[in-house]
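First comes the structure, then the notes that go with it.
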There are 2 protein chains.
Amino acid sequence: VSASKSIIKLIGNYTSKYAQGYFQYDSKKSGGITLGHLRFSDNPIRSTYYVQEPSLVVCTKDTYLDNFEIVEHLNNNGIFILNTNKDSQEIVQELSPKIKKIIKDRNISFYIIDAYKLAQSIGLSNKISTIMESIIVKLSNIMDYDTAKKHMKEYAKNLYGKKGPGIVESNYKAIEQAPDYLEKINLPEEEYILDDNTEDELYKLINNRQGNNIPVSKFLNMKDGTFEPGLSNKDKRRISNVVPKHIIENCIMCNQCAFVCPHSVIRPFLIDEEEYKDLPENIKKRCLKPVLPALKEYHYVLAISAADCTGCGLCISICPAPKGKALEFQELNEEEQEIFDYLDNNIKDKGINPTNVINSQFVKPKFAFNGACAGCGETPYLKVLTQLFGNEMVVANATGCSSIYSASAPSTAYSLPWASSLFEDNAEYGYGMLIATKTIRNRIKNIMEKNMDNPNQELFKLWIDNMDNYDITKEVYEKLDYNKTPVEINELKDYLINRTIWMVGGDGWAYDIGYGGIDHILSTNDNFNILVLDSQVYSNTGGQTSKASPKGVVAAFASTGKIQNKKDLARIALAYPHVYVAQISMGASMNQMLKVLKEAKEYNGPSIIIAYSPCIEHGIKGGMGKSVENEKLATSCGYFPIFSYNPRTKKFTLDSINTDFDLYDEFLQSQTRYSMLKAINPNNYEKLLNENKKNAIERFNHYKDLHEKNN
Amino acid sequence: VSASKSIIKLIGNYTSKYAQGYFQYDSKKSGGITLGHLRFSDNPIRSTYYVQEPSLVVCTKDTYLDNFEIVEHLNNNGIFILNTNKDSQEIVQELSPKIKKIIKDRNISFYIIDAYKLAQSIGLSNKISTIMESIIVKLSNIMDYDTAKKHMKEYAKNLYGKKGPGIVESNYKAIEQAPDYLEKINLPEEEYILDDNTEDELYKLINNRQGNNIPVSKFLNMKDGTFEPGLSNKDKRRISNVVPKHIIENCIMCNQCAFVCPHSVIRPFLIDEEEYKDLPENIKKRCLKPVLPALKEYHYVLAISAADCTGCGLCISICPAPKGKALEFQELNEEEQEIFDYLDNNIKDKGINPTNVINSQFVKPKFAFNGACAGCGETPYLKVLTQLFGNEMVVANATGCSSIYSASAPSTAYSLPWASSLFEDNAEYGYGMLIATKTIRNRIKNIMEKNMDNPNQELFKLWIDNMDNYDITKEVYEKLDYNKTPVEINELKDYLINRTIWMVGGDGWAYDIGYGGIDHILSTNDNFNILVLDSQVYSNTGGQTSKASPKGVVAAFASTGKIQNKKDLARIALAYPHVYVAQISMGASMNQMLKVLKEAKEYNGPSIIIAYSPCIEHGIKGGMGKSVENEKLATSCGYFPIFSYNPRTKKFTLDSINTDFDLYDEFLQSQTRYSMLKAINPNNYEKLLNENKKNAIERFNHYKDLHEKNN
């Protein structure tokens with residue numbers, strides 16, 4: 001994108017031509033693809049649509065050629081530039097017959113360049129935009145290249161001057177040397193045999209940006225608009241060059257790596273002797289013997305779905321193994337994925353009860369391979385939630401990051417009933433599901449009561465007496481003789497099993513736009529759970545301040561530091577004495593997090609859980625690989641206290657341990673959303689951040705008082 | 001309406017004819033008029049519009065003839081029945097030439113009846129529907145009268161059987177005797193001279209239901225849609241037969257009668273010696289000498305705008321005069337109104353500072369003669385508010401009772417800037433006014449700063465330094481030489497004076513439908529005030545339960561007693577430590593109410609005040625004339641604690657005195673919304689009302705704790 005934008009400026013400012021660009025962005029938060037559509041003309045450009053038949057196409061990643069239409073619409077005698085670290089021989093060998101045929105038939109000039117290699121060599125690390133800019137200008141011949149070079153250098157100087165002369169110099173080199181790194185490929189004369197009979201499945205067509213070409217007939221088996229769940233399992237986007245490798249000898253089998261993984265990529269498997277016999281040798285080599293008595297009969301393997309990994313490094317960062325990290329980065333490789341796939345396909349669930357952190361990770365998550373950012377602070381909560389209650393959950397999802405990374409068609413990350421409506425109505429939406437389910441299940445009850453002469457009558461009675469019990473209703477569901485049940489019960493059988501509604505969304509929804517609905521349903525006596533993924537900012541739309549944002553934070557709509565106090569949603573919810581209210585933070589306490597999720601689920605009434613969720617918008621120093629560490633600091637410094645109030649026992653418990661406000665400044669300085677305030681608002685930053693701290697102390701003391709009153 | 005409905009049934013069930021009725025209701029809560037449109041036909045009736053040219057017209061109140069078109073559209077040879085206590089001679093004398101001419105020209109049969117007199121005499125008190133039914137059937141000749149009589153009696157028996165044989169017998173008498181009370185009027189032969197040159201003003205045309213005939217040209221002077229304020233002053237609807245009379249010798253001049261009057265009908269005037277000289281004798285006779293030193297120089301008169309009185313009797317009920325009530329009912333009479341009008345027009349405002357209950361009532365209210373129910377619990381708060389801050393207020397009104405009784409076009413009850421948007425957005429709406437005003441005033445500031453060479457520069461400087469001060473900005477506004485100010489300042493001069501935004505609405509708005517917006521603006525640091533008129537029920541739409549309704553209350557959507565707990569809005573608002581929060585109740589403490597209104601106004605930040613407001617929907621035993629007494633009991637029994645939290649001093653004050661929960665049951669039993677629960681829900685009423693009390697005790701203890709922590 002930045003190369004495209006530079007070129008537009010260049011042509012617009014220094015030639016008599018007109019230039020225009022449109023950009024298409026992906027809904028994937030990590031490793032998404034971007035398309036730039038550039039037009040140049042001697043006449044003003046009035047087109048408002050994307051470029052349909054380009055004269056020049058640039059592809060920055062060779063793996064895209066496998067999935068997307070790249071050269072398919074290129075003009076005769078056009079130019080195709082491919083950035084790749086493969087040499088010409090490899091490329092010629094690997095290109096599909098279809099692409100080769102197009103290049104030949106249309107007389108396309110085909111160039112390759114290893115831009116990353118050049119960038120590395122001239123000190124630009126992985127920044128290739130100046131290189132790409134230079135070669136595009138060179139090959140397109142759209143303006144005199146020597147004039148262009150002069151202006152590109154001026155531009156680079158203006159842009160990078162502040163970052164030091166070294167960077168400017170490197171960019172000069174990029175401009176000068178890039179054309180020399182281009183290699184023109186001449187494809188050999190041969191006949192290309194096309195296999196045109198393969199018909200891609202719906203998932204692949206949509207994911208490969210060919211959704212517009214799908215005929216309606218393909219949708220006939222999803223008449224109600226429901227997408228197949230768990231399709232993200234097919235993504236395998238291979239977006240990270242590095243993935244974790246298991247250092248078996250260091251591993252203590254604590255499963256924390258799996259617990260914190262935002263993309264459910266890393267997973268421990270328990271293998272029994274039967275399964276062990278058939279295990280491929282390379283997996284056998286990776287087996288460990290668990291030390292916990294309850295697991296002693298199994299072999300333990302930690303596997304990595306490498307092709308789904310985003311390379312955030314949280315697993316490595318959290319690893320507490322005393323002898324040295326039990327995970328380190330290695331290059332992305334197919335063997336890791338094959339191991340994972342073998343285990344995922346062949347190893348049975350051992351039915352381990354997810355009573356604690358270790359055990360929770362032996363359950364296959366029903367939320368996996370989502371589209372969130374590398375190191376996302378929200379997704380681990382959702383993954384663990386599905387490990388605890390995946391079979392009995394229904395999710396109503398507010399619009400926001402969580403709806404986008406959970407289900408950008410066709411990549412559905414959940415393997416359970418999930419739906420999303422709008423930003424502003426998710427509490428009402430989920431509550432509607434609850435009321436509808438309740439009504440239907442009462443109808444089932446009425447039908448059963450009227451059919452007590454039915455051969456299933458024992459099961460009917462069992463069901464009626466336990467209709468809110470998941471295990472028993474599931475048992476009845478499985479045992480009923482549907483040949484003999486009234487036809488209406490057969491029609492409604494999906495509702496026999498008792499399920500719990502979870503309303504999920506971010507703070508933009510829960511504190512702001514959807515809060516009216518949350519307040520309304522909290523006032524009821526119904527049984528549901530609200531999980532607020534609190535990133536303290538509107539993450540999905542680019543970091544606007546929400547009412548969850550604390551004072552002094554720099555965010556959109558608060559560009560010189562927010563001047564209002566943070567809203568204390570938990571305290572507000574506590575004004576309803578019949579509501580279960582908790583704050584949790586994975587990095588602060590995985591155990592408290594598990595305890596709260598279970599208590600909320602078990603409480604027969606409204607529950608609301610606020611989960612502290614670091615976000616790229618926080619600008620955590622050291623990157624999102626430090627997000628769990630940062631969560632821990634947020635709680636220990638008093639910034640985000642963790643606690644729970646259970647209306648059943650009327651007990652309020654402050655779970656923050658050894659809170660030390662002396663760490664507060666360290667926390668604020670660990671995130672650019674706070675640390676940058678000094679430069680942006682030198683007059684007020686001290687006042688704002690002091691008040692931020694003061695508010696946190698008052699908030700903490702309020703909860704401490706509640707705790708002490710109870711204990 | 002009930003007579004009409006009976007007739008429709010009668011015709012529909014016992015003849016071969018078809019019958020249909022449409023009804024038009026008024027937006028006035030007390031003394032509103034209702035129109036019934038009845039059609040009868042041998043063929044099915046498919047008309048969906050009101051009757052345009054009736055064959056028979058019934059008017060139940062002779063004063064309607066002065067204002068509304070009654071006979072204007074009557075058919076030739078039609079029938080006109082007028083209920084009146086006047087005799088035929090008086091009627092002939094008083095009827096307008098226009099009406100008489102229509103009756104003569106169209107050969108209309110004109111009857112009068114004194115239905116109230118007949119009702120009284122046969123033990124039906126003021127219920128005239130059976131009488132009217134009987135004479136309409138008789139005169140319309142739409143079915144055989146003897147058959148009709150038989151069926152009317154059956155119907156009366158079914159309807160009133162439960163109320164005892166006496167009532168049934170009285171209704172039989174009504175059916176039998178009514179036709180004998182009819183008197184046919186033959187107008188004398190004379191020439192009727194019509195004065196067709198008077199052109200009614202807009203107000204009168206709309207109020208007299210002739211709005212549809214107004215040409216657009218009449219609206220040219222209100223191009224922005226703004227109605228003239230205070231037009232309710234012209235209503236003078238004379239809806240109550242009884243109005244208060246001042247018993248001078250008993251009066252202690254405490255002004256409490258004026259304070260509690262929901263319609264601003266009763267008002268004390270202070271008269272100086274100059275004014276006294278010109279006073280008509282009948283007013284002089286009513287003058288008292290104030291005993292308070294500060295008022296000693298004046299004469300005191302209590303006047304009653306009798307034609308606006310609804311006869312609720314609150315003034316009599318509240319009167320604490322030790323020698324005996326200083327007010328008693330008398331028949332509605334014109335002298336009272338003349339006295340009031342004289343004083344209102346001729347006595348100058350003495351500029352008494354409304355520091356206490358007595359003094360507050362010498363200020364002419366800017367909210368008067370509203371359309372609320374007799375004895376309304378909401379309107380006294382609004383009236384007093386305008387007495388305190390009327391000059392510097394802007395009101396944003398949520399939809400609900402308060403918007404209807406404040407401004408049913410053309411009856412505008414406020415004499416200050418007022419506007420209403422929707423139900424769900426009043427907080428946002430008022431906040432928008434605030435932001436707009438702030439922006440415009442900052443523009444004024446900028447213009448002034450850029451024009452410091454202007455002859456007005458001293459005033460500019462004074463204004464800039466005190467732009468949030470009402471008195472000083474008003475002074476500047478008055479002193480500026482507008483011939484010499486920049487033209488933009490002249491255009492924006494309305495904004496020179498600093499004003500405060502008050503968002504006003506009911507609990508349906510504040511607790512439920514508009515709460516999301518309230519929460520949002522409470523989170524800001526801006527300066528505004530929210531007044532919640534908390535009737536604990538959706539009053540305007542007929543009494544649906546709101547989140548402010550306590551457990552066990554019988555209301556629409558909670559027909560067997562509400563099962564959810566009351567939402568504690570004050571406690572929720574207190575979760576924002578920078579918000580001024582208070583609960584007030586006029587009957588519990590007028591002084592605390594005044595203190596809170598002033599503190600909220602003075603606090604430079606968000607304020608929210610929840611005002612306990614009895615409503616006809618409460619079913620207070622003894623009627624709305626007991627509403628202030630009932631308010632007092634609500635607080636003293638602990639049902640509605642009064643308190644305030646001032647963020648400036650960080651002090652929470654519980655103002656409830658001598659709370660005694662032993663009075664709680666007495667309070668619940670004083671209102672049918674609670675007392676009827678025993679009959680409606682015999683199994684649960686005890687549990688629900690016990691929990692209602694338990695919640696109240698917990699709520700009270702919460703506030704007591706806050707108070708004790710502070711003191």
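Chain identifiers are assigned as A, B, and so on, following the order in which chains appear in the structure tokens; residues are numbered from 1 within each chain, and ligands are numbered from 1 in order of appearance.
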Practice problem: Return as number ranges by chain the residues belonging to chain B that are within 9 Å of chain A, counting only C-alpha atoms. | Solution: B: 511-517, 519-520, 523-525, 547, 563-569, 571-578
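The nearest approach to Ile247 of chain B among the residues B:Asn171, B:Gln93, B:Asn681, B:Gln330, with only C-alpha atoms taken into account, belongs to B:Gln330.
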Which of segment 623-711 of chain A DSSP labels alpha helix (DSSP H), written as a ChimeraX atom specification | /A:627-636,664-669,672-675,677-680,685-710
- request: Taking the DSSP assignment computed from this structure's backbone, write out as number ranges by chain all residues of segment 12-63 of chain A that belong to strand (DSSP E).
  value: A: 18-24, 35-41, 56-59
Atom CA of Met624 of chain A to atom CA of Lys162 of chain A measures 26.2 Å
Give me the residues of segment 395-439 of chain A that have any atom at most 12 Å from an atom of segment 486-498 of chain A; for each, the nearest atom pair and the distance in Å, rounded to one decimal. Use only C-alpha atoms, sort by chain and number, and format it as JSON lines.
```
{"residue": "A:Pro417", "atom": "CA", "partner": "A:Asp494", "partner_atom": "CA", "distance": 11.2}
{"residue": "A:Met433", "atom": "CA", "partner": "A:Tyr495", "partner_atom": "CA", "distance": 11.7}
{"residue": "A:Leu434", "atom": "CA", "partner": "A:Asn498", "partner_atom": "CA", "distance": 11.0}
{"residue": "A:Ala436", "atom": "CA", "partner": "A:Tyr495", "partner_atom": "CA", "distance": 10.3}
{"residue": "A:Thr437", "atom": "CA", "partner": "A:Tyr495", "partner_atom": "CA", "distance": 7.1}
{"residue": "A:Lys438", "atom": "CA", "partner": "A:Tyr495", "partner_atom": "CA", "distance": 9.2}
{"residue": "A:Thr439", "atom": "CA", "partner": "A:Tyr495", "partner_atom": "CA", "distance": 10.3}
```
